[in-house]
file work09.cif (mmCIF, C-alpha atoms)
data_my_file
loop_
_atom_site.label_atom_id
_atom_site.label_comp_id
_atom_site.auth_asym_id
_atom_site.auth_seq_id
_atom_site.Cartn_x
_atom_site.Cartn_y
_atom_site.Cartn_z
CA MET K 1 0.00 0.00 0.00
CA ASN K 2 1.41 3.38 -0.96
CA LYS K 3 1.19 6.55 1.16
CA TYR K 4 -1.88 7.84 -0.69
CA GLU K 5 -3.79 4.60 -0.04
CA ILE K 6 -2.76 4.64 3.61
CA ARG K 7 -3.97 8.25 4.01
CA THR K 8 -7.22 7.40 2.23
CA ASN K 9 -7.86 4.39 4.47
CA ASN K 10 -7.03 6.40 7.58
CA LYS K 11 -9.43 9.14 6.47
CA LYS K 12 -12.22 6.66 5.77
CA ASN K 13 -11.70 4.96 9.14
CA SER K 14 -11.75 8.32 10.90
CA ILE K 15 -15.03 9.19 9.17
CA ILE K 16 -16.59 5.82 10.05
CA ASN K 17 -15.48 6.04 13.69
CA ALA K 18 -16.81 9.60 13.96
CA THR K 19 -20.10 8.42 12.46
CA ILE K 20 -20.47 5.61 14.99
CA GLU K 21 -19.60 7.92 17.88
CA ILE K 22 -21.99 10.70 16.90
CA ILE K 23 -24.88 8.42 15.93
CA SER K 24 -24.50 6.54 19.22
CA LYS K 25 -25.02 9.85 21.06
CA LYS K 26 -27.53 11.68 18.86
CA GLY K 27 -29.22 9.07 16.71
CA TYR K 28 -29.09 8.75 12.95
CA ASN K 29 -31.73 11.33 12.08
CA ASN K 30 -30.14 13.98 14.34
CA THR K 31 -26.65 13.50 12.92
CA SER K 32 -25.42 15.60 10.02
CA ILE K 33 -22.61 15.13 7.55
CA LYS K 34 -21.28 18.49 8.74
CA GLU K 35 -20.93 17.17 12.32
CA ILE K 36 -19.29 13.96 11.13
CA ALA K 37 -16.82 15.91 9.00
CA ALA K 38 -15.92 18.18 11.92
CA LYS K 39 -15.42 15.23 14.29
CA ALA K 40 -13.34 13.32 11.71
CA MET K 41 -11.41 16.50 10.80
CA VAL K 42 -12.16 16.12 7.10
CA SER K 43 -14.19 18.11 4.63
CA GLN K 44 -17.80 17.27 3.85
CA VAL K 45 -16.67 16.84 0.25
CA SER K 46 -14.36 14.01 1.33
CA ILE K 47 -17.28 12.21 2.92
CA TYR K 48 -19.36 12.54 -0.21
CA ASN K 49 -16.41 11.46 -2.38
CA TYR K 50 -15.82 8.32 -0.31
CA PHE K 51 -19.39 7.36 0.58
CA GLU K 52 -21.69 9.38 -1.75
CA ASN K 53 -24.36 9.97 0.91
CA LYS K 54 -25.26 9.58 4.56
CA GLU K 55 -27.00 6.25 3.97
CA ASN K 56 -23.93 4.63 2.42
CA LEU K 57 -21.83 6.00 5.25
CA ALA K 58 -24.23 4.48 7.78
CA ILE K 59 -24.01 1.12 6.02
CA GLU K 60 -20.20 1.24 6.16
CA ALA K 61 -20.37 2.10 9.86
CA ILE K 62 -22.72 -0.84 10.42
CA LYS K 63 -20.40 -3.15 8.50
CA THR K 64 -17.51 -2.00 10.68
CA ILE K 65 -19.42 -2.91 13.84
CA LEU K 66 -20.51 -6.24 12.38
CA VAL K 67 -17.11 -7.19 11.00
CA ASP K 68 -15.54 -6.56 14.39
CA SER K 69 -18.06 -8.80 16.17
CA PHE K 70 -17.93 -11.51 13.51
CA ASN K 71 -14.12 -11.47 13.59
CA LYS K 72 -14.24 -12.02 17.34
CA ALA K 73 -16.59 -14.97 16.76
CA ARG K 74 -14.28 -16.28 14.02
CA ARG K 75 -11.26 -16.13 16.37
CA LEU K 76 -13.15 -18.41 18.77
CA ILE K 77 -12.73 -21.23 16.22
CA LYS K 78 -9.06 -21.41 17.17
CA ILE K 79 -9.46 -21.68 20.96
CA ASP K 80 -8.81 -25.01 22.62
CA VAL K 81 -12.30 -26.02 23.81
CA PRO K 82 -14.78 -28.58 22.49
CA PHE K 83 -16.55 -27.61 19.26
CA GLU K 84 -19.95 -27.31 20.97
CA GLU K 85 -18.50 -24.77 23.40
CA LYS K 86 -17.00 -22.79 20.51
CA VAL K 87 -20.42 -22.61 18.88
CA LYS K 88 -22.07 -21.44 22.12
CA LEU K 89 -19.42 -18.77 22.66
CA SER K 90 -19.74 -17.62 19.06
CA LEU K 91 -23.53 -17.36 19.30
CA GLU K 92 -23.18 -15.36 22.51
CA GLU K 93 -20.62 -13.04 20.91
CA CYS K 94 -22.81 -12.38 17.89
CA GLN K 95 -25.96 -11.98 19.95
CA LYS K 96 -24.51 -9.73 22.62
CA ASN K 97 -22.14 -7.57 20.65
CA ALA K 98 -23.27 -7.47 17.03
CA ALA K 99 -26.99 -7.34 17.71
CA SER K 100 -26.84 -5.03 20.73
CA ASN K 101 -24.41 -2.60 19.06
CA LEU K 102 -26.56 -2.43 15.95
CA MET K 103 -29.69 -1.79 17.98
CA LYS K 104 -27.91 0.75 20.18
CA TYR K 105 -26.54 2.77 17.29
CA PHE K 106 -28.75 2.10 14.29
CA ASN K 107 -32.19 0.94 15.47
CA GLU K 108 -33.69 4.30 14.48
CA ILE K 109 -32.44 4.09 10.90
CA TYR K 110 -33.25 0.39 10.60
CA ASN K 111 -36.87 0.95 11.56
CA SER K 112 -37.38 4.14 9.57
CA ASP K 113 -35.94 3.29 6.15
CA GLU K 114 -37.04 0.05 4.47
CA ASN K 115 -34.44 0.20 1.69
CA LEU K 116 -31.64 0.79 4.14
CA SER K 117 -32.86 -1.99 6.42
CA LYS K 118 -32.74 -4.36 3.43
CA LEU K 119 -29.14 -3.33 2.72
CA ILE K 120 -28.26 -3.88 6.37
CA ASP K 121 -29.92 -7.30 6.31
CA THR K 122 -27.93 -8.23 3.19
CA SER K 123 -24.66 -7.19 4.84
CA ILE K 124 -25.50 -9.21 7.94
CA ARG K 125 -26.48 -12.25 5.87
CA ASP K 126 -23.22 -12.13 3.89
CA LEU K 127 -21.10 -11.93 7.03
CA LYS K 128 -23.10 -14.70 8.72
CA ARG K 129 -22.74 -16.95 5.69
CA GLN K 130 -18.96 -16.79 5.82
CA LEU K 131 -18.97 -17.38 9.58
CA TYR K 132 -21.29 -20.38 9.12
CA ILE K 133 -18.95 -21.85 6.52
CA ASP K 134 -15.94 -21.41 8.81
CA TYR K 135 -17.72 -23.15 11.69
CA ILE K 136 -19.12 -25.91 9.48
CA GLU K 137 -15.68 -26.69 8.12
CA GLU K 138 -14.22 -26.72 11.64
CA GLY K 139 -17.07 -28.94 12.84
CA LYS K 140 -16.43 -31.38 10.01
CA ARG K 141 -12.70 -31.31 10.69
CA VAL K 142 -13.17 -32.29 14.37
CA GLY K 143 -15.94 -34.81 13.65
CA ALA K 144 -18.77 -32.81 15.23
CA ILE K 145 -20.62 -32.32 11.91
CA ASP K 146 -21.38 -35.12 9.46
CA ILE K 147 -19.02 -34.74 6.49
CA ALA K 148 -21.57 -36.44 4.23
CA VAL K 149 -23.91 -33.43 4.46
CA PRO K 150 -22.80 -30.76 1.98
CA SER K 151 -21.75 -27.50 3.63
CA SER K 152 -23.97 -25.57 1.19
CA THR K 153 -27.02 -27.50 2.44
CA ILE K 154 -26.16 -26.77 6.06
CA VAL K 155 -25.77 -23.07 5.23
CA LYS K 156 -29.19 -23.06 3.52
CA TYR K 157 -30.72 -24.70 6.58
CA LEU K 158 -29.14 -22.16 8.95
CA GLU K 159 -30.24 -19.28 6.73
CA ALA K 160 -33.79 -20.67 6.75
CA VAL K 161 -33.69 -20.69 10.55
CA ASP K 162 -32.36 -17.12 10.45
CA SER K 163 -35.33 -16.03 8.35
CA ILE K 164 -37.79 -16.94 11.12
CA LYS K 165 -39.26 -13.91 12.86
CA TYR K 166 -38.89 -14.30 16.61
CA ASP K 167 -38.79 -12.48 19.89
CA ARG K 168 -35.35 -12.02 21.41
CA GLY K 169 -34.53 -13.95 24.55
CA GLU K 170 -35.90 -17.41 25.28
CA GLU K 171 -37.30 -17.95 21.80
CA LEU K 172 -33.92 -17.22 20.22
CA LYS K 173 -32.24 -19.65 22.62
CA TYR K 174 -34.66 -22.39 21.56
CA LEU K 175 -34.19 -21.64 17.86
CA HIS K 176 -30.44 -22.00 18.32
CA GLN K 177 -30.99 -25.26 20.19
CA LEU K 178 -33.21 -26.62 17.42
CA ALA K 179 -30.78 -25.51 14.71
CA LEU K 180 -27.86 -27.21 16.44
CA TYR K 181 -29.48 -30.35 17.85
CA GLY K 182 -32.80 -30.87 16.09
CA ILE K 183 -36.01 -31.84 17.83
CA LEU K 184 -34.83 -35.16 19.26
CA LYS K 185 -34.01 -35.26 22.94
CA ARG K 186 -30.30 -35.78 23.57
#

call {"tool": "encode", "arguments": {"input": "work09.cif", "output": "structure tokens"}}
result
Amino acid sequence: MNKYEIRTNNKKNSIINATIEIISKKGYNNTSIKEIAAKAMVSQVSIYNYFENKENLAIEAIKTILVDSFNKARRLIKIDVPFEEKVKLSLEECQKNAASNLMKYFNEIYNSDENLSKLIDTSIRDLKRQLYIDYIEEGKRVGAIDIAVPSSTIVKYLEAVDSIKYDRGEELKYLHQLALYGILKR
């Protein structure tokens, strides 16, 4: 990476971090590009050049939060505990951090803009898919997941479970239990 690319990446990261910080305090609708630019110490033009509009900037900020949480969950694959424990820890990480941070910072925008909520959902689905694949491959490697079942089929199954509308809390816990162990008593 040359110096220009490094400066550009640093500028973008500064803008995204400023966006997350301001939106977490004021909400999406009460945050302006002008405030973000001032906090990030860049011009408004730079923000528009990099992100085009406030919505795209919000999506990049959301992706940053999600990627951080999903990377933490991905790192859990490497810890030395049984596979089932890795899965539980990963689910907790994604539930607590990714979901709660999104709701804390971006619930207002998610509920008020249908097109933006669809873009957010797509970003989440893409990140989840890669995390599923990583865990499926690890589960197959350690003998916890049947290698005869194609990974693509398992991903489709997990995505179908994800598409179920549910209340947070107990219902989510039971959906995870069903997804991981089925309906048969262990």

call {"tool": "resolve_selection", "arguments": {"input": "work09.cif", "expression": "the PyMOL selection byres ((chain K and resi 51-54) around 12)", "output": "PyMOL selection string"}}
result
chain K and resi 11-13+15-16+19+23+28-37+44-50+55-61+109+116

call {"tool": "write_last_selection", "arguments": {"input": "work09.cif", "atoms": "C-alpha atoms", "output": "PDB file, in the coordinates of the input"}}
result
ATOM      1  CA  LYS K  11      -9.430   9.140   6.470  1.00  0.00           C
ATOM      2  CA  LYS K  12     -12.220   6.660   5.770  1.00  0.00           C
ATOM      3  CA  ASN K  13     -11.700   4.960   9.140  1.00  0.00           C
ATOM      4  CA  ILE K  15     -15.030   9.190   9.170  1.00  0.00           C
ATOM      5  CA  ILE K  16     -16.590   5.820  10.050  1.00  0.00           C
ATOM      6  CA  THR K  19     -20.100   8.420  12.460  1.00  0.00           C
ATOM      7  CA  ILE K  23     -24.880   8.420  15.930  1.00  0.00           C
ATOM      8  CA  TYR K  28     -29.090   8.750  12.950  1.00  0.00           C
ATOM      9  CA  ASN K  29     -31.730  11.330  12.080  1.00  0.00           C
ATOM     10  CA  ASN K  30     -30.140  13.980  14.340  1.00  0.00           C
ATOM     11  CA  THR K  31     -26.650  13.500  12.920  1.00  0.00           C
ATOM     12  CA  SER K  32     -25.420  15.600  10.020  1.00  0.00           C
ATOM     13  CA  ILE K  33     -22.610  15.130   7.550  1.00  0.00           C
ATOM     14  CA  LYS K  34     -21.280  18.490   8.740  1.00  0.00           C
ATOM     15  CA  GLU K  35     -20.930  17.170  12.320  1.00  0.00           C
ATOM     16  CA  ILE K  36     -19.290  13.960  11.130  1.00  0.00           C
ATOM     17  CA  ALA K  37     -16.820  15.910   9.000  1.00  0.00           C
ATOM     18  CA  GLN K  44     -17.800  17.270   3.850  1.00  0.00           C
ATOM     19  CA  VAL K  45     -16.670  16.840   0.250  1.00  0.00           C
ATOM     20  CA  SER K  46     -14.360  14.010   1.330  1.00  0.00           C
ATOM     21  CA  ILE K  47     -17.280  12.210   2.920  1.00  0.00           C
ATOM     22  CA  TYR K  48     -19.360  12.540  -0.210  1.00  0.00           C
ATOM     23  CA  ASN K  49     -16.410  11.460  -2.380  1.00  0.00           C
ATOM     24  CA  TYR K  50     -15.820   8.320  -0.310  1.00  0.00           C
ATOM     25  CA  GLU K  55     -27.000   6.250   3.970  1.00  0.00           C
ATOM     26  CA  ASN K  56     -23.930   4.630   2.420  1.00  0.00           C
ATOM     27  CA  LEU K  57     -21.830   6.000   5.250  1.00  0.00           C
ATOM     28  CA  ALA K  58     -24.230   4.480   7.780  1.00  0.00           C
ATOM     29  CA  ILE K  59     -24.010   1.120   6.020  1.00  0.00           C
ATOM     30  CA  GLU K  60     -20.200   1.240   6.160  1.00  0.00           C
ATOM     31  CA  ALA K  61     -20.370   2.100   9.860  1.00  0.00           C
ATOM     32  CA  ILE K 109     -32.440   4.090  10.900  1.00  0.00           C
ATOM     33  CA  LEU K 116     -31.640   0.790   4.140  1.00  0.00           C
TER      34      LEU K 116
END

call {"tool": "residues_around", "arguments": {"input": "work09.cif", "residues": "range 148-158 of chain K", "least_positions_apart": "5", "cutoff": "7 Å", "atoms": "only C-alpha atoms", "output": "compact mmCIF listing (two decimals) with C-alpha atoms, in the coordinates of the input"}}
result
# COMPACT_ATOMS: atom_id res chain seq x y z
CA ARG K 129 -22.74 -16.95 5.69
CA TYR K 132 -21.29 -20.38 9.12
CA ILE K 133 -18.95 -21.85 6.52
CA ILE K 136 -19.12 -25.91 9.48
CA ALA K 179 -30.78 -25.51 14.71

call {"tool": "resolve_selection", "arguments": {"input": "work09.cif", "expression": "the PyMOL selection byres ((chain K and resi 138-141) around 12)", "output": "PyMOL selection string"}}
result
chain K and resi 74-79+82-87+131-137+142-151+154+180

call {"tool": "write_last_selection", "arguments": {"input": "work09.cif", "atoms": "C-alpha atoms", "output": "short mmCIF file (atom, residue, chain, number, x, y, z; two decimals), in the coordinates of the input"}}
result
data_model
loop_
_atom_site.label_atom_id
_atom_site.label_comp_id
_atom_site.auth_asym_id
_atom_site.auth_seq_id
_atom_site.Cartn_x
_atom_site.Cartn_y
_atom_site.Cartn_z
CA ARG K 74 -14.28 -16.28 14.02
CA ARG K 75 -11.26 -16.13 16.37
CA LEU K 76 -13.15 -18.41 18.77
CA ILE K 77 -12.73 -21.23 16.22
CA LYS K 78 -9.06 -21.41 17.17
CA ILE K 79 -9.46 -21.68 20.96
CA PRO K 82 -14.78 -28.58 22.49
CA PHE K 83 -16.55 -27.61 19.26
CA GLU K 84 -19.95 -27.31 20.97
CA GLU K 85 -18.50 -24.77 23.40
CA LYS K 86 -17.00 -22.79 20.51
CA VAL K 87 -20.42 -22.61 18.88
CA LEU K 131 -18.97 -17.38 9.58
CA TYR K 132 -21.29 -20.38 9.12
CA ILE K 133 -18.95 -21.85 6.52
CA ASP K 134 -15.94 -21.41 8.81
CA TYR K 135 -17.72 -23.15 11.69
CA ILE K 136 -19.12 -25.91 9.48
CA GLU K 137 -15.68 -26.69 8.12
CA VAL K 142 -13.17 -32.29 14.37
CA GLY K 143 -15.94 -34.81 13.65
CA ALA K 144 -18.77 -32.81 15.23
CA ILE K 145 -20.62 -32.32 11.91
CA ASP K 146 -21.38 -35.12 9.46
CA ILE K 147 -19.02 -34.74 6.49
CA ALA K 148 -21.57 -36.44 4.23
CA VAL K 149 -23.91 -33.43 4.46
CA PRO K 150 -22.80 -30.76 1.98
CA SER K 151 -21.75 -27.50 3.63
CA ILE K 154 -26.16 -26.77 6.06
CA LEU K 180 -27.86 -27.21 16.44
#

call {"tool": "closest_residue", "arguments": {"input": "work09.cif", "among": "K:Ser123, K:Ser163, K:Asn107, K:Asn97", "to": "Ala73 in chain K", "atoms": "only C-alpha atoms"}}
result
K:Asn97

call {"tool": "residues_near_point", "arguments": {"input": "work09.cif", "point": "(-23.1, 8.1, 20.0)", "cutoff": "12 Å", "atoms": "all atoms listed in the file", "output": "list in words"}}
result
Asn17, Ala18, Thr19, Ile20, Glu21, Ile22, Ile23, Ser24, Lys25, Lys26, Gly27, Tyr28, Asn30, Thr31, Ile36, Lys39, Asn101, Leu102, Lys104, Tyr105 and Phe106 of chain K

call {"tool": "write_last_selection", "arguments": {"input": "work09.cif", "atoms": "C-alpha atoms", "output": "CSV table (one decimal), keeping the file's coordinate frame"}}
result
chain,number,residue,atom,x,y,z
K,17,ASN,CA,-15.5,6.0,13.7
K,18,ALA,CA,-16.8,9.6,14.0
K,19,THR,CA,-20.1,8.4,12.5
K,20,ILE,CA,-20.5,5.6,15.0
K,21,GLU,CA,-19.6,7.9,17.9
K,22,ILE,CA,-22.0,10.7,16.9
K,23,ILE,CA,-24.9,8.4,15.9
K,24,SER,CA,-24.5,6.5,19.2
K,25,LYS,CA,-25.0,9.8,21.1
K,26,LYS,CA,-27.5,11.7,18.9
K,27,GLY,CA,-29.2,9.1,16.7
K,28,TYR,CA,-29.1,8.8,13.0
K,30,ASN,CA,-30.1,14.0,14.3
K,31,THR,CA,-26.6,13.5,12.9
K,36,ILE,CA,-19.3,14.0,11.1
K,39,LYS,CA,-15.4,15.2,14.3
K,101,ASN,CA,-24.4,-2.6,19.1
K,102,LEU,CA,-26.6,-2.4,16.0
K,104,LYS,CA,-27.9,0.8,20.2
K,105,TYR,CA,-26.5,2.8,17.3
K,106,PHE,CA,-28.8,2.1,14.3

call {"tool": "closest_residue", "arguments": {"input": "work09.cif", "among": "K:Leu178, K:Ile6, K:Met41, K:Leu127", "to": "Cys94 in chain K", "atoms": "all atoms listed in the file"}}
result
K:Leu127

call {"tool": "closest_residue", "arguments": {"input": "work09.cif", "among": "K:Thr8, K:Gln177, K:Gln95, K:Ser69", "to": "Val42 in chain K", "atoms": "all atoms listed in the file"}}
result
K:Thr8

call {"tool": "closest_residue", "arguments": {"input": "work09.cif", "among": "K:Ile120, K:Lys165, K:Ser43, K:Glu114", "to": "Thr64 in chain K", "atoms": "all atoms listed in the file"}}
result
K:Ile120

call {"tool": "atom_distance", "arguments": {"input": "work09.cif", "atom1": "CA of Tyr181 in chain K", "atom2": "CA of Asp68 in chain K"}}
result
27.8 Å

call {"tool": "atom_distance", "arguments": {"input": "work09.cif", "atom1": "CA of Arg125 in chain K", "atom2": "CA of Leu184 in chain K"}}
result
27.8 Å

call {"tool": "axis_aligned_box", "arguments": {"input": "work09.cif", "around": "range 25-42 of chain K", "padding_each_side": "3 Å", "output": "lines of an AutoDock Vina configuration file"}}
result
center_x = -21.6
center_y = 13.6
center_z = 14.1
size_x = 26.3
size_y = 15.7
size_z = 20.0

call {"tool": "atom_distance", "arguments": {"input": "work09.cif", "atom1": "CA of Asp80 in chain K", "atom2": "CA of Leu172 in chain K"}}
result
26.4 Å
